[in-house]
$ cat entry_17.txt   # compact mmCIF, C-alpha atoms
# COMPACT_ATOMS: atom_id res chain seq x y z
CA MET A 489 212.31 163.83 36.35
CA ILE A 490 214.34 165.61 39.02
CA LEU A 491 212.89 165.21 42.49
CA ASP A 492 214.05 167.05 45.60
CA ILE A 493 212.94 165.62 48.94
CA ASP A 494 213.63 166.95 52.39
CA VAL A 495 212.44 166.35 55.91
CA THR A 496 209.99 168.84 57.37
CA SER A 497 211.63 170.70 60.31
CA PHE A 498 214.37 168.07 60.27
CA TYR A 499 216.34 168.65 63.48
CA PRO A 500 213.37 169.67 65.63
CA SER A 501 211.43 166.66 64.29
CA LEU A 502 214.32 164.31 65.06
CA ALA A 503 214.42 165.57 68.63
CA ILE A 504 210.67 165.22 69.05
CA VAL A 505 210.20 161.72 67.61
CA ASN A 506 213.35 160.32 69.25
CA ASN A 507 212.79 162.03 72.60
CA LEU A 508 216.11 163.88 72.45
CA TYR A 509 216.53 166.95 74.62
CA PRO A 510 219.16 169.03 76.40
CA GLU A 511 219.76 167.03 79.57
CA HIS A 512 219.45 169.99 81.93
CA LEU A 513 216.02 170.91 80.48
CA GLY A 514 214.46 167.45 80.78
CA GLN A 515 211.78 165.65 78.80
CA LEU A 516 209.35 168.56 79.00
CA PHE A 517 211.54 170.18 76.33
CA CYS A 518 210.25 167.68 73.71
CA GLN A 519 206.62 168.32 74.64
CA ILE A 520 207.01 172.07 74.24
CA TYR A 521 209.04 171.64 71.05
CA ALA A 522 206.29 169.40 69.64
CA ARG A 523 203.63 172.02 70.43
CA LEU A 524 205.63 174.68 68.57
CA LYS A 525 205.98 172.38 65.56
CA THR A 526 202.25 171.61 65.60
CA GLN A 527 201.46 175.31 65.91
CA ARG A 528 203.70 176.02 62.89
CA THR A 529 201.77 173.58 60.70
CA GLY A 530 198.61 175.58 61.42
CA TYR A 531 199.94 178.48 59.35
CA ALA A 532 200.42 178.60 55.60
CA LYS A 533 203.95 178.03 54.35
CA GLY A 534 205.51 181.42 53.62
CA SER A 535 203.31 183.28 56.11
CA ILE A 536 204.99 185.45 58.74
CA GLU A 537 203.62 183.23 61.52
CA ASN A 538 205.03 180.10 59.89
CA LEU A 539 208.40 181.78 59.38
CA MET A 540 208.51 183.01 62.98
CA LEU A 541 207.83 179.52 64.34
CA LYS A 542 210.32 177.97 61.90
CA LEU A 543 213.00 180.35 63.18
CA ALA A 544 212.06 179.58 66.78
CA LEU A 545 212.32 175.82 66.20
CA ASN A 546 215.56 175.99 64.23
CA GLY A 547 217.08 178.66 66.46
CA VAL A 548 216.67 176.53 69.56
CA PHE A 549 218.41 173.62 67.85
CA GLY A 550 221.16 175.84 66.44
CA ASP A 551 221.78 177.37 69.85
CA SER A 552 222.34 173.94 71.39
CA GLY A 553 225.90 174.17 70.07
CA SER A 554 226.64 177.54 71.67
CA LYS A 555 228.15 177.52 75.15
CA TYR A 556 226.46 180.90 75.69
CA SER A 557 222.98 179.52 75.09
CA PRO A 558 220.51 178.19 77.66
CA PHE A 559 219.98 175.27 75.23
CA PHE A 560 223.67 174.28 75.12
CA ASP A 561 224.19 170.51 75.25
CA MET A 562 226.72 168.87 72.95
CA LYS A 563 225.32 165.39 73.59
CA TYR A 564 221.89 166.56 72.42
CA LEU A 565 223.39 168.35 69.40
CA LEU A 566 225.50 165.39 68.27
CA SER A 567 222.83 162.78 69.02
CA THR A 568 220.41 164.68 66.84
CA THR A 569 222.75 165.45 63.93
CA ILE A 570 224.47 162.07 63.73
CA ASN A 571 221.17 160.19 64.02
CA GLY A 572 219.70 162.41 61.32
CA GLN A 573 222.57 161.91 58.89
CA LEU A 574 222.47 158.13 59.36
CA LEU A 575 218.72 158.10 58.69
CA LEU A 576 219.22 160.11 55.50
CA CYS A 577 222.00 157.74 54.42
CA MET A 578 219.60 154.84 54.93
CA LEU A 579 217.02 156.59 52.74
CA ALA A 580 219.59 157.33 50.03
CA GLU A 581 220.86 153.74 50.12
CA HIS A 582 217.37 152.33 49.55
CA LEU A 583 216.54 154.88 46.85
CA MET A 584 219.73 154.11 44.93
CA LYS A 585 218.57 150.49 44.55
CA ILE A 586 215.89 151.78 42.16
CA ASP A 587 216.83 151.16 38.56
CA SER A 588 217.52 154.43 36.68
CA LEU A 589 217.72 156.58 39.84
CA THR A 590 220.78 158.84 39.90
CA MET A 591 221.61 160.77 43.04
CA ILE A 592 222.42 164.42 42.26
CA GLN A 593 223.10 165.76 45.73
CA ALA A 594 222.46 165.14 49.40
CA ASN A 595 222.48 167.79 52.10
CA THR A 596 221.76 168.08 55.81
CA ASP A 597 218.01 167.55 55.54
CA GLY A 598 217.33 165.87 52.21
CA MET A 599 218.48 164.96 48.74
CA THR A 600 217.88 165.51 45.04
CA PHE A 601 217.84 162.75 42.45
CA LYS A 602 216.95 162.05 38.86
CA VAL A 603 214.60 159.16 38.15
CA ARG A 604 212.45 157.95 35.28
CA ARG A 605 208.77 158.78 35.74
CA ASP A 606 207.80 155.13 35.38
CA LYS A 607 209.86 154.44 38.54
CA LEU A 608 208.02 157.03 40.66
CA ASP A 609 205.89 154.33 42.31
CA ASP A 610 209.12 152.61 43.42
CA VAL A 611 210.31 155.89 44.89
CA ARG A 612 207.01 156.24 46.79
CA VAL A 613 207.32 152.73 48.22
CA VAL A 614 210.77 153.59 49.62
CA THR A 615 209.87 157.06 50.92
CA ASP A 616 206.59 155.86 52.47
CA TRP A 617 208.42 152.99 54.21
CA TRP A 618 211.13 155.38 55.47
CA GLN A 619 208.57 157.85 56.83
CA VAL A 620 206.83 155.08 58.79
CA GLN A 621 210.13 153.74 60.16
CA THR A 622 211.49 157.14 61.20
CA GLN A 623 208.21 158.96 62.04
CA LEU A 624 209.55 161.86 59.97
CA ASP A 625 207.69 163.65 57.17
CA LEU A 626 209.14 164.25 53.72
CA GLU A 627 208.28 167.17 51.47
CA GLU A 628 209.05 167.06 47.77
CA VAL A 629 209.48 169.44 44.88
CA GLU A 630 209.85 168.47 41.25
CA TYR A 631 212.35 170.42 39.15
CA SER A 632 212.62 170.59 35.39
CA ARG A 633 216.27 171.64 35.65
CA MET A 634 218.86 172.10 38.36
CA TRP A 635 222.01 174.18 38.44
CA ILE A 636 224.27 174.13 41.46
CA LYS A 637 226.53 177.19 41.57
CA ASP A 638 228.02 176.99 45.06
CA VAL A 639 228.06 174.12 47.48
CA ASN A 640 229.36 174.55 51.00

$ encode --input "entry_17.txt" --output "structure tokens"
Amino acid sequence: MILDIDVTSFYPSLAIVNNLYPEHLGQLFCQIYARLKTQRTGYAKGSIENLMLKLALNGVFGDSGSKYSPFFDMKYLLSTTINGQLLLCMLAEHLMKIDSLTMIQANTDGMTFKVRRDKLDDVRVVTDWWQVQTQLDLEEVEYSRMWIKDVN
């Protein structure tokens, strides 16, 4: 089977669970960010409300790299992204110990791999452990096929 896993609201979630925030905005930033994320989960995926809140959450993080933004803070931006990539590397490292698992691709918020169905319980052990350790939530989608045209 081909399984794609990614972290729900990856960068906002990293900031929330690790108490990362633009220094000039203070810790209250994480509390407000967490409320927006909780509010988003109250709406069905694909709904206009869910999309609006997703854009709000991701837009704030994206703007933290713009010197023209009120959210600008390079320490916050780099702390979040580097921490996130290291956590995903840890997940990939543990998954690749599973016999028959072949990594297809990894990206900024998740990865796709091929694994025998009889090894799915092993995958669950690793992903459940990782979610507890990181306090991050994984979403998954199973594919029957995967074609990658462009990768940037």

$ closest_residue --input "entry_17.txt" --among "A:Met562, A:Ala544, A:Leu583, A:Ile493" --to "His512 in chain A" --atoms "all atoms listed in the file"
A:Met562

$ atom_distance --input "entry_17.txt" --atom1 "CA of Gly572 in chain A" --atom2 "CA of Ala594 in chain A"
12.5 Å

$ atom_distance --input "entry_17.txt" --atom1 "CA of Thr622 in chain A" --atom2 "CA of Phe601 in chain A"
20.6 Å

$ atom_distance --input "entry_17.txt" --atom1 "CA of Leu566 in chain A" --atom2 "CA of Tyr499 in chain A"
10.8 Å

$ closest_residue --input "entry_17.txt" --among "A:Ser588, A:Asn507, A:Gln593, A:Gln621" --to "Leu608 in chain A" --atoms "only C-alpha atoms"
A:Ser588
